[in-house]
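Structure, as structure tokens:
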Amino acid sequence: MIFLSTVLILCCTWYFLKFLAHFSRKIHDEVRKLSVYTHFLSKWLQSAPATFTYTAIFCAFTLVQRTAPQHLINILTNHSSTSIARVSDKPISTFFDSAFWVADNGAGLLIYVVLFWTVIAWAERKYGSPRMIVITLSGHILASLTTIFLELWAINSGRAPSSLAMATDVGVSYILVAGCAAAILIMRKRMFYIGLIILGLFILLPLFVEHSIWDMGHLFAAFFGFISARLLLKLSPVRTVSSPYELHLKCRSELSNK
């Protein structure tokens, strides 16, 4: 909630300063200096439309989670959960709905947003929006299905109670993990290993500490994200795009020529 409020305040402040710049030369000069960064941000947003549109949607859902009564949120998340019962009843709508809810009432929203705005946005620029959508949806759907099969096995073998079929499992995390796996795949050697270690720690530490079935889902999401990205790269290589620094220099050049 604090993060979303901060973003809103910054946006309003910026446009208010642009309005005041019409009446003050000093403010006009400051706005012109800052315009390099806002222009860069605008270009960055436009270069990864799927990522930023999706981020805006799940942030809006999180705002609902943080402000609505808890019993209403429980109903909504249960309805959108990729539980055995829900997927068996309405698989398509369930997979769609569950993709927009951040687990645990939006816990860790800032981390999600930072990773989507940087790692996933960079990956979308390299893969292109269509391929990135396929990769992340593959991670979300296939990891959810694999987790469901694991739940069914646990129930049928007596290792878990039958109530597990109604357990709530929603979240943006599968999409995030699948996208990160795809991003790591195309990183240069040094960054590849660093990214692999970070992703591995993110997935394996909770798995060994909490021993949760849903933590296995993150492992599945990374696997399917990696495989789908690998297959798509066989069809065509990644696109050549400017680095963030090069994009920043381009924005500075464009503004200086105005």
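Letters for chains follow the order of the structure tokens (A, B, ...), residue numbers begin at 1 for each chain, and ligand numbers begin at 1 in the order shown.
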
List the spatial neighbours of segment 232-237 of chain A as a list in words - criterion: any atom at most 12 Å away, only C-alpha atoms, same-chain residues fewer than 6 positions off excluded. Lys126, Tyr127, Gly128, Pro130, Arg131, Met132, Ile133, Val134, Ile135, Ser138, Ala182, Ala183, Leu185, Ile186, Gly225 and Phe226 of chain A

Contacts of Ser253 of chain A at 12 Å or less, counting only C-alpha atoms, minus same-chain residues fewer than 6 places along, as a count of residues only? 6

Please extract the residues of segment 39-230 of chain A with a backbone DSSP assignment of helix (DSSP H, G or I) and present them as a CSV table (one decimal) with N, CA and C atoms, in the first residue's frame.
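Done, and the output landed in out.csv:
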```csv
chain,number,residue,atom,x,y,z
A,39,HIS,N,11.7,10.6,-19.6
A,39,HIS,CA,11.7,10.2,-21.0
A,39,HIS,C,12.2,8.7,-21.1
A,40,PHE,N,13.3,8.5,-20.4
A,40,PHE,CA,13.9,7.1,-20.4
A,40,PHE,C,12.9,6.1,-19.8
A,41,LEU,N,12.2,6.5,-18.7
A,41,LEU,CA,11.2,5.6,-18.1
A,41,LEU,C,10.1,5.4,-19.1
A,42,SER,N,9.6,6.4,-19.8
A,42,SER,CA,8.6,6.2,-20.8
A,42,SER,C,9.0,5.2,-21.9
A,43,LYS,N,10.2,5.4,-22.4
A,43,LYS,CA,10.7,4.5,-23.4
A,43,LYS,C,10.8,3.1,-22.9
A,44,TRP,N,11.3,2.9,-21.7
A,44,TRP,CA,11.4,1.6,-21.0
A,44,TRP,C,10.0,0.9,-20.9
A,45,LEU,N,9.1,1.7,-20.5
A,45,LEU,CA,7.7,1.2,-20.4
A,45,LEU,C,7.2,0.7,-21.7
A,46,GLN,N,7.4,1.5,-22.8
A,46,GLN,CA,6.9,1.2,-24.1
A,46,GLN,C,7.6,0.0,-24.7
A,47,SER,N,8.8,-0.3,-24.3
A,47,SER,CA,9.6,-1.4,-24.8
A,47,SER,C,9.2,-2.7,-24.3
A,49,PRO,N,5.6,-3.7,-23.2
A,49,PRO,CA,4.2,-3.4,-22.8
A,49,PRO,C,3.5,-4.5,-22.0
A,50,ALA,N,3.8,-5.8,-22.4
A,50,ALA,CA,3.2,-6.9,-21.7
A,50,ALA,C,3.5,-6.9,-20.2
A,51,THR,N,4.8,-6.7,-19.9
A,51,THR,CA,5.3,-6.7,-18.5
A,51,THR,C,4.7,-5.6,-17.7
A,52,PHE,N,4.7,-4.4,-18.2
A,52,PHE,CA,4.2,-3.3,-17.4
A,52,PHE,C,2.7,-3.3,-17.3
A,53,THR,N,2.0,-3.8,-18.4
A,53,THR,CA,0.5,-3.9,-18.3
A,53,THR,C,0.1,-4.9,-17.2
A,54,TYR,N,0.8,-6.0,-17.2
A,54,TYR,CA,0.6,-7.1,-16.2
A,54,TYR,C,0.9,-6.6,-14.8
A,55,THR,N,2.0,-5.9,-14.7
A,55,THR,CA,2.4,-5.3,-13.4
A,55,THR,C,1.3,-4.4,-12.8
A,56,ALA,N,0.8,-3.5,-13.7
A,56,ALA,CA,-0.3,-2.6,-13.3
A,56,ALA,C,-1.5,-3.3,-12.8
A,57,ILE,N,-1.8,-4.4,-13.5
A,57,ILE,CA,-3.1,-5.2,-13.2
A,57,ILE,C,-2.9,-5.9,-11.8
A,58,PHE,N,-1.8,-6.6,-11.6
A,58,PHE,CA,-1.7,-7.3,-10.3
A,58,PHE,C,-1.4,-6.3,-9.2
A,59,CYS,N,-0.9,-5.1,-9.5
A,59,CYS,CA,-0.8,-4.1,-8.4
A,59,CYS,C,-2.2,-3.6,-8.0
A,60,ALA,N,-3.1,-3.5,-9.0
A,60,ALA,CA,-4.5,-3.1,-8.8
A,60,ALA,C,-5.2,-4.1,-7.9
A,61,PHE,N,-4.9,-5.4,-8.3
A,61,PHE,CA,-5.5,-6.5,-7.5
A,61,PHE,C,-5.0,-6.5,-6.0
A,62,THR,N,-3.7,-6.1,-5.9
A,62,THR,CA,-3.2,-6.1,-4.6
A,62,THR,C,-3.8,-4.9,-3.8
A,63,LEU,N,-4.1,-3.8,-4.4
A,63,LEU,CA,-4.7,-2.7,-3.8
A,63,LEU,C,-6.1,-3.1,-3.2
A,64,VAL,N,-6.8,-4.0,-4.0
A,64,VAL,CA,-8.1,-4.5,-3.5
A,64,VAL,C,-7.8,-5.4,-2.3
A,65,GLN,N,-6.8,-6.2,-2.4
A,65,GLN,CA,-6.5,-7.1,-1.3
A,65,GLN,C,-6.2,-6.3,0.0
A,66,ARG,N,-5.5,-5.2,-0.1
A,66,ARG,CA,-5.1,-4.5,1.1
A,66,ARG,C,-6.2,-3.6,1.7
A,67,THR,N,-7.3,-3.3,0.9
A,67,THR,CA,-8.3,-2.4,1.3
A,67,THR,C,-9.7,-3.1,1.6
A,70,GLN,N,-11.3,-8.7,4.9
A,70,GLN,CA,-10.6,-10.0,4.8
A,70,GLN,C,-11.5,-11.1,4.3
A,71,HIS,N,-12.7,-11.2,4.8
A,71,HIS,CA,-13.6,-12.3,4.4
A,71,HIS,C,-13.9,-12.2,2.9
A,72,LEU,N,-14.0,-11.0,2.4
A,72,LEU,CA,-14.2,-10.9,0.9
A,72,LEU,C,-13.0,-11.3,0.1
A,73,ILE,N,-11.8,-11.0,0.6
A,73,ILE,CA,-10.6,-11.4,-0.1
A,73,ILE,C,-10.5,-12.9,0.0
A,74,ASN,N,-10.8,-13.5,1.1
A,74,ASN,CA,-10.8,-15.0,1.2
A,74,ASN,C,-11.7,-15.6,0.2
A,75,ILE,N,-12.9,-15.1,0.0
A,75,ILE,CA,-13.8,-15.6,-1.0
A,75,ILE,C,-13.2,-15.5,-2.4
A,76,LEU,N,-12.7,-14.3,-2.7
A,76,LEU,CA,-12.1,-14.0,-4.0
A,76,LEU,C,-10.9,-14.9,-4.4
A,77,THR,N,-10.0,-15.1,-3.4
A,77,THR,CA,-8.8,-15.9,-3.6
A,77,THR,C,-9.2,-17.4,-3.7
A,78,ASN,N,-10.1,-17.8,-2.9
A,78,ASN,CA,-10.6,-19.2,-3.0
A,78,ASN,C,-11.2,-19.5,-4.4
A,79,HIS,N,-12.0,-18.5,-4.8
A,79,HIS,CA,-12.6,-18.6,-6.1
A,79,HIS,C,-11.6,-18.6,-7.3
A,80,SER,N,-10.5,-17.9,-7.1
A,80,SER,CA,-9.4,-17.8,-8.1
A,80,SER,C,-8.3,-18.8,-8.0
A,84,ILE,N,-7.3,-28.2,-6.7
A,84,ILE,CA,-7.8,-29.3,-7.5
A,84,ILE,C,-9.3,-29.1,-7.8
A,85,ALA,N,-10.0,-28.7,-6.8
A,85,ALA,CA,-11.5,-28.5,-7.0
A,85,ALA,C,-11.8,-27.5,-8.1
A,86,ARG,N,-11.1,-26.3,-8.0
A,86,ARG,CA,-11.4,-25.2,-8.9
A,86,ARG,C,-10.9,-25.6,-10.3
A,87,VAL,N,-9.8,-26.2,-10.5
A,87,VAL,CA,-9.3,-26.5,-11.8
A,87,VAL,C,-10.1,-27.6,-12.5
A,88,SER,N,-10.6,-28.5,-11.7
A,88,SER,CA,-11.5,-29.6,-12.2
A,88,SER,C,-12.8,-29.0,-12.7
A,89,ASP,N,-13.2,-27.9,-12.0
A,89,ASP,CA,-14.5,-27.3,-12.4
A,89,ASP,C,-14.4,-26.4,-13.5
A,91,PRO,N,-11.3,-24.9,-15.5
A,91,PRO,CA,-9.8,-24.8,-15.6
A,91,PRO,C,-9.3,-23.5,-16.2
A,92,ILE,N,-10.0,-23.1,-17.3
A,92,ILE,CA,-9.5,-21.9,-18.1
A,92,ILE,C,-9.6,-20.6,-17.2
A,93,SER,N,-10.8,-20.4,-16.7
A,93,SER,CA,-11.0,-19.2,-15.9
A,93,SER,C,-10.2,-19.2,-14.6
A,94,THR,N,-10.0,-20.4,-14.1
A,94,THR,CA,-9.2,-20.5,-12.9
A,94,THR,C,-7.7,-20.1,-13.1
A,95,PHE,N,-7.2,-20.6,-14.2
A,95,PHE,CA,-5.8,-20.2,-14.5
A,95,PHE,C,-5.6,-18.7,-14.8
A,96,PHE,N,-6.7,-18.2,-15.5
A,96,PHE,CA,-6.6,-16.8,-15.8
A,96,PHE,C,-6.7,-15.9,-14.5
A,97,ASP,N,-7.7,-16.2,-13.7
A,97,ASP,CA,-7.9,-15.4,-12.5
A,97,ASP,C,-6.8,-15.5,-11.5
A,98,SER,N,-6.2,-16.7,-11.4
A,98,SER,CA,-5.2,-16.9,-10.4
A,98,SER,C,-3.9,-16.2,-10.7
A,103,ALA,N,0.2,-13.7,-3.7
A,103,ALA,CA,-0.1,-14.5,-2.5
A,103,ALA,C,0.1,-13.8,-1.2
A,104,ASP,N,-0.5,-14.3,-0.2
A,104,ASP,CA,-0.4,-13.7,1.2
A,104,ASP,C,-0.8,-12.3,1.3
A,105,ASN,N,-1.9,-11.9,0.6
A,105,ASN,CA,-2.4,-10.6,0.7
A,105,ASN,C,-1.4,-9.5,0.1
A,106,GLY,N,-0.7,-9.9,-0.9
A,106,GLY,CA,0.2,-9.0,-1.5
A,106,GLY,C,1.5,-8.8,-0.9
A,109,LEU,N,5.2,-7.2,-2.4
A,109,LEU,CA,4.8,-6.6,-3.6
A,109,LEU,C,5.9,-5.8,-4.3
A,110,LEU,N,6.7,-5.1,-3.4
A,110,LEU,CA,7.8,-4.2,-3.9
A,110,LEU,C,8.8,-5.1,-4.6
A,111,ILE,N,9.1,-6.3,-4.1
A,111,ILE,CA,10.1,-7.2,-4.7
A,111,ILE,C,9.6,-7.6,-6.1
A,112,TYR,N,8.3,-8.0,-6.1
A,112,TYR,CA,7.7,-8.4,-7.4
A,112,TYR,C,7.8,-7.3,-8.4
A,113,VAL,N,7.5,-6.1,-8.1
A,113,VAL,CA,7.5,-5.0,-9.0
A,113,VAL,C,8.9,-4.7,-9.5
A,114,VAL,N,9.8,-4.7,-8.6
A,114,VAL,CA,11.2,-4.4,-9.0
A,114,VAL,C,11.7,-5.4,-10.0
A,115,LEU,N,11.5,-6.7,-9.7
A,115,LEU,CA,11.9,-7.8,-10.6
A,115,LEU,C,11.2,-7.7,-11.9
A,116,PHE,N,9.9,-7.4,-11.9
A,116,PHE,CA,9.2,-7.3,-13.2
A,116,PHE,C,9.7,-6.1,-14.0
A,117,TRP,N,9.9,-5.0,-13.3
A,117,TRP,CA,10.3,-3.8,-14.0
A,117,TRP,C,11.7,-3.8,-14.6
A,118,THR,N,12.5,-4.7,-14.0
A,118,THR,CA,14.0,-4.8,-14.4
A,118,THR,C,14.2,-6.1,-15.2
A,119,VAL,N,14.2,-7.2,-14.5
A,119,VAL,CA,14.6,-8.5,-15.1
A,119,VAL,C,13.6,-8.9,-16.2
A,120,ILE,N,12.3,-8.9,-15.9
A,120,ILE,CA,11.3,-9.4,-16.8
A,120,ILE,C,11.1,-8.5,-18.0
A,121,ALA,N,11.2,-7.2,-17.7
A,121,ALA,CA,11.1,-6.2,-18.8
A,121,ALA,C,12.3,-6.3,-19.7
A,122,TRP,N,13.4,-6.5,-19.2
A,122,TRP,CA,14.6,-6.7,-20.0
A,122,TRP,C,14.5,-8.0,-20.9
A,123,ALA,N,14.0,-9.0,-20.3
A,123,ALA,CA,13.8,-10.3,-21.0
A,123,ALA,C,12.7,-10.1,-22.1
A,124,GLU,N,11.7,-9.3,-21.9
A,124,GLU,CA,10.6,-9.1,-22.9
A,124,GLU,C,11.2,-8.3,-24.1
A,125,ARG,N,12.1,-7.4,-23.8
A,125,ARG,CA,12.7,-6.6,-24.9
A,125,ARG,C,13.5,-7.5,-25.8
A,126,LYS,N,14.2,-8.5,-25.1
A,126,LYS,CA,15.0,-9.5,-25.9
A,126,LYS,C,14.2,-10.5,-26.6
A,127,TYR,N,13.2,-11.1,-26.0
A,127,TYR,CA,12.4,-12.1,-26.6
A,127,TYR,C,11.3,-11.6,-27.5
A,129,SER,N,7.4,-9.5,-27.0
A,129,SER,CA,6.2,-9.7,-26.2
A,129,SER,C,5.5,-11.0,-26.4
A,130,PRO,N,5.3,-11.4,-27.6
A,130,PRO,CA,4.6,-12.7,-27.9
A,130,PRO,C,5.3,-13.9,-27.2
A,131,ARG,N,6.6,-14.0,-27.4
A,131,ARG,CA,7.3,-15.1,-26.9
A,131,ARG,C,7.4,-15.1,-25.3
A,132,MET,N,7.5,-13.9,-24.8
A,132,MET,CA,7.5,-13.7,-23.3
A,132,MET,C,6.2,-14.1,-22.7
A,133,ILE,N,5.1,-13.8,-23.4
A,133,ILE,CA,3.8,-14.2,-22.9
A,133,ILE,C,3.7,-15.7,-22.9
A,134,VAL,N,4.1,-16.4,-24.0
A,134,VAL,CA,4.1,-17.8,-24.1
A,134,VAL,C,4.9,-18.5,-22.9
A,135,ILE,N,6.1,-17.9,-22.7
A,135,ILE,CA,7.0,-18.5,-21.7
A,135,ILE,C,6.4,-18.4,-20.3
A,136,THR,N,5.9,-17.2,-20.0
A,136,THR,CA,5.4,-17.0,-18.6
A,136,THR,C,4.1,-17.8,-18.4
A,137,LEU,N,3.2,-17.8,-19.4
A,137,LEU,CA,2.0,-18.6,-19.3
A,137,LEU,C,2.3,-20.1,-19.2
A,138,SER,N,3.3,-20.6,-19.9
A,138,SER,CA,3.7,-22.0,-19.8
A,138,SER,C,4.2,-22.3,-18.4
A,139,GLY,N,5.0,-21.4,-17.8
A,139,GLY,CA,5.4,-21.6,-16.4
A,139,GLY,C,4.2,-21.6,-15.5
A,140,HIS,N,3.3,-20.7,-15.6
A,140,HIS,CA,2.2,-20.6,-14.7
A,140,HIS,C,1.2,-21.8,-14.8
A,141,ILE,N,0.8,-22.1,-16.1
A,141,ILE,CA,-0.1,-23.2,-16.3
A,141,ILE,C,0.5,-24.6,-16.0
A,142,LEU,N,1.6,-24.9,-16.6
A,142,LEU,CA,2.2,-26.2,-16.5
A,142,LEU,C,2.7,-26.5,-15.1
A,143,ALA,N,3.2,-25.4,-14.4
A,143,ALA,CA,3.7,-25.6,-13.0
A,143,ALA,C,2.5,-25.8,-12.1
A,144,SER,N,1.4,-25.1,-12.4
A,144,SER,CA,0.2,-25.3,-11.6
A,144,SER,C,-0.4,-26.7,-11.8
A,145,LEU,N,-0.4,-27.2,-13.0
A,145,LEU,CA,-0.9,-28.5,-13.3
A,145,LEU,C,0.0,-29.6,-12.6
A,146,THR,N,1.3,-29.4,-12.7
A,146,THR,CA,2.2,-30.4,-12.1
A,146,THR,C,2.0,-30.4,-10.6
A,147,THR,N,1.8,-29.2,-10.0
A,147,THR,CA,1.6,-29.2,-8.6
A,147,THR,C,0.3,-29.9,-8.2
A,148,ILE,N,-0.7,-29.7,-9.0
A,148,ILE,CA,-2.0,-30.4,-8.8
A,148,ILE,C,-1.8,-31.9,-8.8
A,149,PHE,N,-1.1,-32.4,-9.8
A,149,PHE,CA,-0.8,-33.8,-9.9
A,149,PHE,C,-0.1,-34.3,-8.7
A,150,LEU,N,0.8,-33.5,-8.2
A,150,LEU,CA,1.6,-33.8,-7.0
A,150,LEU,C,0.6,-33.9,-5.8
A,151,GLU,N,-0.3,-32.9,-5.7
A,151,GLU,CA,-1.3,-32.9,-4.6
A,151,GLU,C,-2.2,-34.2,-4.7
A,152,LEU,N,-2.6,-34.5,-5.9
A,152,LEU,CA,-3.5,-35.7,-6.1
A,152,LEU,C,-2.7,-37.0,-5.6
A,153,TRP,N,-1.5,-37.0,-6.0
A,153,TRP,CA,-0.6,-38.2,-5.5
A,153,TRP,C,-0.5,-38.2,-4.0
A,154,ALA,N,-0.3,-37.1,-3.4
A,154,ALA,CA,-0.2,-37.0,-1.9
A,154,ALA,C,-1.5,-37.4,-1.2
A,155,ILE,N,-2.6,-37.0,-1.8
A,155,ILE,CA,-3.9,-37.3,-1.2
A,155,ILE,C,-4.2,-38.8,-1.4
A,156,ASN,N,-4.0,-39.3,-2.6
A,156,ASN,CA,-4.3,-40.7,-2.9
A,156,ASN,C,-3.4,-41.7,-2.2
A,162,SER,N,-7.5,-35.1,2.5
A,162,SER,CA,-8.3,-34.8,1.4
A,162,SER,C,-8.7,-33.3,1.3
A,163,SER,N,-8.6,-32.6,2.4
A,163,SER,CA,-8.8,-31.1,2.4
A,163,SER,C,-7.9,-30.4,1.5
A,164,LEU,N,-6.7,-31.0,1.2
A,164,LEU,CA,-5.7,-30.4,0.3
A,164,LEU,C,-6.3,-30.0,-1.0
A,165,ALA,N,-7.4,-30.7,-1.4
A,165,ALA,CA,-8.0,-30.5,-2.7
A,165,ALA,C,-8.6,-29.1,-2.8
A,166,MET,N,-8.9,-28.5,-1.6
A,166,MET,CA,-9.5,-27.2,-1.6
A,166,MET,C,-8.5,-26.1,-1.2
A,173,SER,N,3.8,-15.4,-8.5
A,173,SER,CA,5.2,-15.9,-8.4
A,173,SER,C,5.6,-16.9,-9.5
A,174,TYR,N,4.7,-17.8,-9.9
A,174,TYR,CA,5.0,-18.8,-11.0
A,174,TYR,C,5.4,-18.0,-12.3
A,175,ILE,N,4.6,-17.0,-12.6
A,175,ILE,CA,4.9,-16.2,-13.8
A,175,ILE,C,6.3,-15.5,-13.6
A,176,LEU,N,6.5,-15.0,-12.5
A,176,LEU,CA,7.8,-14.3,-12.2
A,176,LEU,C,9.0,-15.2,-12.3
A,177,VAL,N,8.8,-16.4,-11.7
A,177,VAL,CA,9.9,-17.4,-11.7
A,177,VAL,C,10.2,-17.9,-13.2
A,178,ALA,N,9.1,-18.1,-13.9
A,178,ALA,CA,9.3,-18.6,-15.3
A,178,ALA,C,10.0,-17.5,-16.1
A,179,GLY,N,9.6,-16.3,-15.9
A,179,GLY,CA,10.2,-15.2,-16.7
A,179,GLY,C,11.7,-15.0,-16.3
A,180,CYS,N,12.0,-15.1,-15.0
A,180,CYS,CA,13.4,-15.0,-14.6
A,180,CYS,C,14.2,-16.1,-15.2
A,181,ALA,N,13.7,-17.3,-15.2
A,181,ALA,CA,14.4,-18.4,-15.8
A,181,ALA,C,14.7,-18.2,-17.3
A,182,ALA,N,13.8,-17.6,-18.0
A,182,ALA,CA,14.0,-17.3,-19.4
A,182,ALA,C,15.0,-16.1,-19.5
A,183,ALA,N,15.0,-15.2,-18.6
A,183,ALA,CA,16.0,-14.1,-18.6
A,183,ALA,C,17.4,-14.6,-18.4
A,184,ILE,N,17.5,-15.5,-17.4
A,184,ILE,CA,18.8,-16.0,-17.0
A,184,ILE,C,19.4,-16.8,-18.2
A,185,LEU,N,18.6,-17.5,-18.9
A,185,LEU,CA,19.0,-18.3,-20.1
A,185,LEU,C,19.8,-17.5,-21.1
A,189,LYS,N,27.8,-15.0,-19.6
A,189,LYS,CA,28.3,-16.1,-18.7
A,189,LYS,C,28.3,-15.7,-17.2
A,190,ARG,N,28.9,-14.5,-16.9
A,190,ARG,CA,29.1,-14.2,-15.5
A,190,ARG,C,27.7,-13.9,-14.8
A,191,MET,N,26.9,-13.1,-15.5
A,191,MET,CA,25.5,-12.8,-15.0
A,191,MET,C,24.7,-14.1,-15.0
A,192,PHE,N,24.9,-15.0,-16.0
A,192,PHE,CA,24.2,-16.3,-16.0
A,192,PHE,C,24.3,-17.0,-14.7
A,193,TYR,N,25.6,-17.2,-14.3
A,193,TYR,CA,25.8,-18.0,-13.1
A,193,TYR,C,25.3,-17.2,-11.8
A,194,ILE,N,25.5,-15.9,-11.8
A,194,ILE,CA,24.9,-15.1,-10.7
A,194,ILE,C,23.4,-15.3,-10.6
A,195,GLY,N,22.8,-15.1,-11.7
A,195,GLY,CA,21.3,-15.2,-11.8
A,195,GLY,C,20.8,-16.6,-11.4
A,196,LEU,N,21.6,-17.6,-11.9
A,196,LEU,CA,21.2,-19.0,-11.6
A,196,LEU,C,21.3,-19.3,-10.1
A,197,ILE,N,22.4,-18.7,-9.5
A,197,ILE,CA,22.5,-19.0,-8.0
A,197,ILE,C,21.4,-18.3,-7.2
A,198,ILE,N,21.1,-17.0,-7.6
A,198,ILE,CA,20.0,-16.3,-6.9
A,198,ILE,C,18.7,-17.0,-7.1
A,199,LEU,N,18.4,-17.4,-8.3
A,199,LEU,CA,17.1,-18.1,-8.5
A,199,LEU,C,17.1,-19.4,-7.8
A,200,GLY,N,18.2,-20.1,-7.8
A,200,GLY,CA,18.3,-21.4,-7.1
A,200,GLY,C,18.0,-21.2,-5.6
A,201,LEU,N,18.6,-20.2,-5.0
A,201,LEU,CA,18.4,-19.9,-3.6
A,201,LEU,C,17.0,-19.6,-3.3
A,202,PHE,N,16.4,-18.7,-4.2
A,202,PHE,CA,15.0,-18.3,-4.0
A,202,PHE,C,14.0,-19.5,-4.0
A,203,ILE,N,14.4,-20.5,-4.8
A,203,ILE,CA,13.5,-21.7,-5.0
A,203,ILE,C,13.8,-22.8,-3.9
A,204,LEU,N,15.1,-23.1,-3.8
A,204,LEU,CA,15.5,-24.2,-2.9
A,204,LEU,C,15.4,-24.0,-1.4
A,205,LEU,N,15.8,-22.8,-1.0
A,205,LEU,CA,15.8,-22.5,0.4
A,205,LEU,C,14.4,-22.7,1.1
A,206,PRO,N,13.3,-22.1,0.5
A,206,PRO,CA,12.0,-22.3,1.1
A,206,PRO,C,11.6,-23.8,1.0
A,207,LEU,N,12.0,-24.5,-0.1
A,207,LEU,CA,11.7,-25.9,-0.3
A,207,LEU,C,12.2,-26.8,0.8
A,208,PHE,N,13.5,-26.5,1.2
A,208,PHE,CA,14.1,-27.3,2.2
A,208,PHE,C,13.7,-26.9,3.6
A,209,VAL,N,13.4,-25.6,3.8
A,209,VAL,CA,13.0,-25.1,5.1
A,209,VAL,C,11.6,-25.5,5.4
A,210,GLU,N,10.6,-25.2,4.5
A,210,GLU,CA,9.2,-25.3,4.8
A,210,GLU,C,8.6,-26.6,4.3
A,213,ILE,N,4.4,-28.2,-0.7
A,213,ILE,CA,4.1,-28.6,-2.1
A,213,ILE,C,4.2,-27.4,-3.0
A,214,TRP,N,3.7,-26.2,-2.5
A,214,TRP,CA,3.6,-25.1,-3.4
A,214,TRP,C,5.0,-24.5,-3.7
A,215,ASP,N,6.0,-24.7,-2.8
A,215,ASP,CA,7.3,-24.4,-3.1
A,215,ASP,C,7.9,-25.2,-4.2
A,216,MET,N,7.4,-26.4,-4.3
A,216,MET,CA,7.8,-27.2,-5.5
A,216,MET,C,7.3,-26.6,-6.8
A,217,GLY,N,6.2,-25.9,-6.7
A,217,GLY,CA,5.6,-25.2,-7.8
A,217,GLY,C,6.6,-24.2,-8.5
A,218,HIS,N,7.4,-23.5,-7.6
A,218,HIS,CA,8.3,-22.6,-8.1
A,218,HIS,C,9.5,-23.3,-8.9
A,219,LEU,N,9.8,-24.5,-8.4
A,219,LEU,CA,10.8,-25.3,-9.1
A,219,LEU,C,10.3,-25.7,-10.5
A,220,PHE,N,9.0,-26.1,-10.5
A,220,PHE,CA,8.4,-26.5,-11.8
A,220,PHE,C,8.3,-25.3,-12.7
A,221,ALA,N,7.9,-24.2,-12.2
A,221,ALA,CA,7.8,-23.0,-13.0
A,221,ALA,C,9.1,-22.6,-13.6
A,222,ALA,N,10.2,-22.7,-12.9
A,222,ALA,CA,11.5,-22.4,-13.4
A,222,ALA,C,11.9,-23.4,-14.5
A,223,PHE,N,11.6,-24.6,-14.3
A,223,PHE,CA,11.9,-25.7,-15.3
A,223,PHE,C,11.1,-25.4,-16.6
A,224,PHE,N,9.8,-25.2,-16.5
A,224,PHE,CA,9.0,-25.0,-17.7
A,224,PHE,C,9.3,-23.7,-18.4
A,225,GLY,N,9.6,-22.7,-17.6
A,225,GLY,CA,10.0,-21.4,-18.2
A,225,GLY,C,11.3,-21.6,-19.0
A,226,PHE,N,12.3,-22.3,-18.4
A,226,PHE,CA,13.5,-22.6,-19.1
A,226,PHE,C,13.3,-23.4,-20.4
A,227,ILE,N,12.5,-24.4,-20.3
A,227,ILE,CA,12.3,-25.3,-21.4
A,227,ILE,C,11.6,-24.6,-22.5
A,228,SER,N,10.5,-23.8,-22.2
A,228,SER,CA,9.8,-23.1,-23.2
A,228,SER,C,10.6,-22.1,-23.9
A,229,ALA,N,11.5,-21.4,-23.1
A,229,ALA,CA,12.4,-20.3,-23.6
A,229,ALA,C,13.4,-21.0,-24.6
A,230,ARG,N,13.9,-22.1,-24.2
A,230,ARG,CA,14.9,-22.8,-25.0
A,230,ARG,C,14.3,-23.2,-26.3
```

Kindly give the distance, in Å, that separates atom CA of Ile27 of chain A and atom CA of Leu255 of chain A, rounded to a single decimal. 16.9 Å

Just how far from atom CA of Ser212 of chain A is atom CA of Pro69 of chain A, in Å to one decimal?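 Interatomic distance, atom CA of Pro69 of chain A to atom CA of Ser212 of chain A: 27.5 Å.
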
Segment 19-61 of chain A near segment 7-14 of chain A within 10 Å: what's each residue's closest atom pair and its distance in Å to one decimal, counting only C-alpha atoms, ordered by chain then ascending residue number, as a Markdown table?
```
| residue | atom | partner | partner_atom | distance |
| --- | --- | --- | --- | --- |
| A:Phe19 | CA | A:Trp14 | CA | 8.7 |
| A:Leu20 | CA | A:Trp14 | CA | 9.9 |
| A:Val31 | CA | A:Trp14 | CA | 8.4 |
| A:Leu34 | CA | A:Trp14 | CA | 9.4 |
| A:Ser35 | CA | A:Trp14 | CA | 9.8 |
| A:Thr38 | CA | A:Trp14 | CA | 9.3 |
```

One decimal, Å: what's the distance from atom CA of Cys251 of chain A over to atom CA of Tyr37 of chain A, could you say?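 Computing the Euclidean distance for atom CA of Cys251 of chain A and atom CA of Tyr37 of chain A yields 8.1 Å.
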